[in-house]
Protein chains: 2
Amino acid sequence: MENSICNLFKIQYPIIQAGMIWTSGWRLASAASNAGCLGIIGAGSMYPDVFREHIQKCKKATDKLFGVNVPMLYPNLDDLINIIIEENVKVVFTSAGNPKTYTSKLKEKGIKVVHVVASVKFAQKCEEAGCDAVVAEGFEAGGHNGREETTTMVLIPMVRDAVKIPVIAAGGIATGRQMLAAMALGADGVQIGSRFAASDESSLHRNFKNRIIELKEGDTHLALKKLVPVRMIKNKFFNQIQEAENKGASAEELKAILGRARAKKGMFEGDLEEGELEIGQVSAMLKEIKPVKKIVDEIILEYDNARAKITHS
Amino acid sequence: MENSICNLFKIQYPIIQAGMIWTSGWRLASAASNAGCLGIIGAGSMYPDVFREHIQKCKKATDKLFGVNVPMLYPNLDDLINIIIEENVKVVFTSAGNPKTYTSKLKEKGIKVVHVVASVKFAQKCEEAGCDAVVAEGFEAGGHNGREETTTMVLIPMVRDAVKIPVIAAGGIATGRQMLAAMALGADGVQIGSRFAASDESSLHRNFKNRIIELKEGDTHLALKKLVPVRMIKNKFFNQIQEAENKGASAEELKAILGRARAKKGMFEGDLEEGELEIGQVSAMLKEIKPVKKIVDEIILEYDNARAKITHS
């Protein structure tokens, strides 16, 4: 395939593997890059020295381009940025904050910068900030989510019409049919999270991976809207939050229930009841944990079949 | 175009005009049928005698097939069913309830029956009940909404894989690109609501139509989740509900705020502050009120262009 996203990242398929916390280490990122996609290391859950180690291991595991995802709300952001520059990382996806903060500094170093947004308004800010592309992420996506709750079906055509830079669709994309739908909506590429979370190479705890492939429709939900909306699995922790929210709990009260390191507890340590288990709505379609290479091959085969069907209908 | 939905309803395009309350009278339904789609009269907001009048006027205004939408929670449901049979209506879309209630009675009369669902589980119930097709409606849709909050992007492929009957996608579809995306996801046809609500022929109050085409992203939201989730415009009434919900209001308290005839007040009488204004998320893309014929021609032109682009990419 040849398009603006393939050209931008020198990749075979216009597929980005999402840089997810507790999920996207060097094993997943290098496997995705080796399979023809852009692999991304998720820095959000890594201490700076761990982050550097993952970058170095990823370089050894692939000679293809890979990127890193850096949430702008990371406490010691400058430390990560310095490591990125020192380690000569070529692609940075920024998220959860203002795209203007680091885009020009990174671009001066020849780094390609993409920012993740959930609205047209912020997609336009990305273009103004000089981003090379924008990820537009719908309500169905796992983890942190937009306040507008705009779904991928509605968000992508609006972002497409509002900016000239390449648009990467995210949220609700796990299969070739969904990838084709995203391209039909005007996207130049897709970012896939949940499906790669359920891969052999993701660093999620085995308990959580096994839970993902058992999920049914309605098993994830948006919570913590008074703090930052997060899509997570309905478990004991979620029920506690929801009960508090139904009674009108304040942001402070929710923070107290949330406590610290809830995502680590669930996603990395495998506590399926007390942990915060971030995953997308599309997880309801996943039935098996597979190697990344097989996942990518299946997506591309299904994409080609769906495209042929649309073409001949 | 030729496919299972076109064949089922003898229509030129696999497009269903949604049978919406206070919106879809005989003018809209006949215009949609005359433009090559399946027009649907929305019975939910009509007294039985008014409903009969709309059917009779629709018959005079088109020689094409049209249908009616009947919510199963309508207070005197038998009255509507009797009118449908007496007036020899050929297509009934049922919604908001169990598809088993009337499907076999209607099918015995040679009527085609389609039920509207928001989940795989209920789509399977439709197939078991003998429905001719199913409408699968995502979270982004206006008005009554599913508790699972599954978006169109995720819902359609799951429903497609779960049933053999034709699948009509709804929620977030207003343009040809979105129609193509729905077909890529595995739908056989689409149901379009908001875009037809903003037509010359819809029976919505002029104030509301004008408000629809000014909406921006994030201007609609799901509310009343403790009763039945409804997507509506954020206005004074919505804010009152949301404030109560944030404080943990009970279902009884919400009912008291809701009162009676809120949707009529807003959608039909044009009170943009005190009324309940039901519309889909995709309304943020609508910029102009147009005749139905022009809307359909634009959707098909855009669909063909988007399909050609996907085919040659």
# chains A, B, ... in the order shown; residues from 1 in each chain; ligands from 1
>>> interface_residues(of="chain A", to="chain B", cutoff="6 Å", atoms="only C-alpha atoms", output="list in words")
Glu148, Met153, Val154, Gly172, Arg177, Gln178, Ala181, Ala184, Leu185, Gly218, Asn246, Lys247, Gly248, Val282 and Thr311 of chain A
>>> residues_around(residues="B:Ser203", least_positions_apart="3", cutoff="12 Å", atoms="only C-alpha atoms", output="short mmCIF file (atom, residue, chain, number, x, y, z; two decimals) with N, CA and C atoms, in the first residue's frame")
data_model
loop_
_atom_site.label_atom_id
_atom_site.label_comp_id
_atom_site.auth_asym_id
_atom_site.auth_seq_id
_atom_site.Cartn_x
_atom_site.Cartn_y
_atom_site.Cartn_z
N GLY B 19 -37.78 6.67 10.94
CA GLY B 19 -39.13 7.11 11.35
C GLY B 19 -39.07 7.77 12.72
N MET B 20 -38.74 9.06 12.74
CA MET B 20 -38.45 9.77 13.99
C MET B 20 -39.67 10.51 14.52
N ILE B 21 -39.82 10.57 15.86
CA ILE B 21 -40.93 11.31 16.46
C ILE B 21 -40.85 12.78 16.09
N TRP B 22 -42.02 13.39 15.88
CA TRP B 22 -42.17 14.82 15.59
C TRP B 22 -41.43 15.26 14.33
N THR B 23 -40.96 14.33 13.54
CA THR B 23 -40.07 14.64 12.41
C THR B 23 -40.57 14.00 11.12
N SER B 24 -40.94 12.72 11.23
CA SER B 24 -41.18 11.91 10.04
C SER B 24 -42.68 11.72 9.82
N GLY B 25 -43.29 12.74 9.21
CA GLY B 25 -44.68 12.64 8.78
C GLY B 25 -44.74 12.18 7.33
N TRP B 26 -45.94 12.29 6.73
CA TRP B 26 -46.13 11.79 5.36
C TRP B 26 -45.28 12.58 4.35
N ARG B 27 -45.03 13.87 4.64
CA ARG B 27 -44.25 14.66 3.68
C ARG B 27 -42.83 14.12 3.55
N LEU B 28 -42.19 13.89 4.71
CA LEU B 28 -40.82 13.37 4.69
C LEU B 28 -40.79 11.95 4.13
N ALA B 29 -41.72 11.10 4.60
CA ALA B 29 -41.70 9.69 4.17
C ALA B 29 -41.94 9.56 2.66
N ILE B 41 -42.84 6.63 8.21
CA ILE B 41 -43.62 7.51 9.08
C ILE B 41 -43.35 7.13 10.54
N GLY B 42 -43.07 8.12 11.36
CA GLY B 42 -42.80 7.85 12.78
C GLY B 42 -44.07 7.95 13.59
N SER B 45 -45.05 9.67 17.94
CA SER B 45 -45.58 10.94 18.44
C SER B 45 -46.97 11.25 17.90
N HIS B 54 -51.79 10.30 8.24
CA HIS B 54 -50.47 10.35 7.62
C HIS B 54 -50.26 9.20 6.63
N PHE B 196 -32.02 13.76 7.46
CA PHE B 196 -33.38 13.95 6.97
C PHE B 196 -34.19 14.85 7.92
N ALA B 197 -33.81 14.88 9.19
CA ALA B 197 -34.47 15.81 10.12
C ALA B 197 -34.24 17.25 9.66
N ALA B 198 -33.05 17.49 9.10
CA ALA B 198 -32.71 18.83 8.60
C ALA B 198 -33.09 19.01 7.13
N SER B 199 -34.24 18.44 6.75
CA SER B 199 -34.72 18.59 5.37
C SER B 199 -35.91 19.53 5.34
N ASP B 200 -36.21 20.06 4.17
CA ASP B 200 -37.41 20.89 4.01
C ASP B 200 -38.66 20.13 4.42
N ARG B 206 -39.36 24.96 12.72
CA ARG B 206 -38.32 25.71 12.03
C ARG B 206 -37.18 26.11 12.98
N ASN B 207 -37.54 26.52 14.20
CA ASN B 207 -36.50 26.89 15.20
C ASN B 207 -35.52 25.75 15.42
N PHE B 208 -36.06 24.55 15.55
CA PHE B 208 -35.21 23.38 15.83
C PHE B 208 -34.35 23.05 14.62
N LYS B 209 -34.95 23.07 13.43
CA LYS B 209 -34.15 22.82 12.22
C LYS B 209 -32.99 23.81 12.13
N LYS B 264 -42.14 17.13 22.49
CA LYS B 264 -43.08 17.91 21.67
C LYS B 264 -42.78 19.40 21.79
N MET B 267 -39.23 19.89 19.89
CA MET B 267 -39.06 19.48 18.51
C MET B 267 -40.19 19.96 17.61
N PHE B 268 -41.40 20.05 18.19
CA PHE B 268 -42.58 20.39 17.36
C PHE B 268 -43.03 21.82 17.59
N GLU B 269 -42.88 22.29 18.85
CA GLU B 269 -43.33 23.65 19.17
C GLU B 269 -42.18 24.66 19.14
N GLY B 270 -40.94 24.15 19.06
CA GLY B 270 -39.80 25.06 18.83
C GLY B 270 -39.25 25.77 20.05
#
>>> atom_distance(atom1="atom CA of B:Val228", atom2="atom CA of A:Glu252")
28.6 Å
>>> residues_around(residues="stretch 62-69 of chain A", least_positions_apart="6", cutoff="10 Å", atoms="only C-alpha atoms", output="PDB file with C-alpha atoms, in the first residue's frame")
ATOM      1  CA  PHE A   9       6.872   6.520   8.373  1.00  0.00           C
ATOM      2  CA  LYS A  10       8.357   4.365   5.572  1.00  0.00           C
ATOM      3  CA  ILE A  11       6.019   1.504   6.456  1.00  0.00           C
ATOM      4  CA  ILE A  16       0.159   2.393  13.816  1.00  0.00           C
ATOM      5  CA  GLN A  17       0.423   0.177  16.900  1.00  0.00           C
ATOM      6  CA  ALA A  18      -0.817   2.389  19.732  1.00  0.00           C
ATOM      7  CA  GLY A  19       1.722   3.286  22.434  1.00  0.00           C
ATOM      8  CA  MET A  20      -0.306   2.150  25.424  1.00  0.00           C
ATOM      9  CA  ILE A  21       0.663   2.281  29.100  1.00  0.00           C
ATOM     10  CA  SER A  24       3.585  -1.256  24.610  1.00  0.00           C
ATOM     11  CA  GLY A  25       7.172  -2.081  25.514  1.00  0.00           C
ATOM     12  CA  TRP A  26      10.056  -2.824  23.143  1.00  0.00           C
ATOM     13  CA  ARG A  27       8.778  -6.347  22.391  1.00  0.00           C
ATOM     14  CA  ALA A  29       6.862  -2.084  19.296  1.00  0.00           C
ATOM     15  CA  SER A  30       9.623  -3.987  17.526  1.00  0.00           C
ATOM     16  CA  ALA A  31       7.246  -6.798  16.547  1.00  0.00           C
ATOM     17  CA  ALA A  32       4.802  -4.273  15.049  1.00  0.00           C
ATOM     18  CA  SER A  33       7.565  -2.486  13.121  1.00  0.00           C
ATOM     19  CA  ASN A  34       8.947  -5.802  11.891  1.00  0.00           C
ATOM     20  CA  ALA A  35       5.440  -6.779  10.718  1.00  0.00           C
ATOM     21  CA  GLY A  36       5.186  -3.730   8.434  1.00  0.00           C
ATOM     22  CA  CYS A  37       3.471  -1.277  10.803  1.00  0.00           C
ATOM     23  CA  LEU A  38       4.797   1.578  12.923  1.00  0.00           C
ATOM     24  CA  GLY A  39       5.516   0.224  16.403  1.00  0.00           C
ATOM     25  CA  ILE A  40       5.268   2.628  19.324  1.00  0.00           C
ATOM     26  CA  ILE A  41       6.703   2.380  22.836  1.00  0.00           C
ATOM     27  CA  GLY A  42       4.302   3.770  25.469  1.00  0.00           C
ATOM     28  CA  ALA A  43       6.349   5.993  27.792  1.00  0.00           C
ATOM     29  CA  GLY A  44       3.426   6.943  30.029  1.00  0.00           C
ATOM     30  CA  PHE A  51      12.093   4.183  28.958  1.00  0.00           C
ATOM     31  CA  HIS A  54      13.105   0.014  26.044  1.00  0.00           C
ATOM     32  CA  ILE A  55      14.306   2.334  23.276  1.00  0.00           C
ATOM     33  CA  ILE A  84      14.268  10.862  22.973  1.00  0.00           C
ATOM     34  CA  VAL A  89      14.261   8.415  18.239  1.00  0.00           C
ATOM     35  CA  LYS A  90      12.748   9.434  14.896  1.00  0.00           C
ATOM     36  CA  VAL A  91       9.016   9.527  15.641  1.00  0.00           C
ATOM     37  CA  VAL A  92       7.149  10.919  18.670  1.00  0.00           C
ATOM     38  CA  PHE A  93       3.410  10.659  19.305  1.00  0.00           C
ATOM     39  CA  THR A  94       2.314  13.132  21.976  1.00  0.00           C
ATOM     40  CA  SER A  95      -1.014  12.924  23.751  1.00  0.00           C
ATOM     41  CA  ILE A 111      11.846  14.162  14.632  1.00  0.00           C
ATOM     42  CA  LYS A 112       8.415  13.482  13.149  1.00  0.00           C
ATOM     43  CA  VAL A 113       5.674  14.564  15.560  1.00  0.00           C
ATOM     44  CA  VAL A 114       2.082  13.339  15.709  1.00  0.00           C
ATOM     45  CA  HIS A 115      -0.416  14.395  18.363  1.00  0.00           C
ATOM     46  CA  VAL A 116      -3.468  12.467  19.563  1.00  0.00           C
TER      47      VAL A 116
END
>>> closest_residue(among="B:Ala162, B:Leu277, B:Val50, B:Ala261", to="B:Asp79", atoms="only C-alpha atoms")
B:Val50
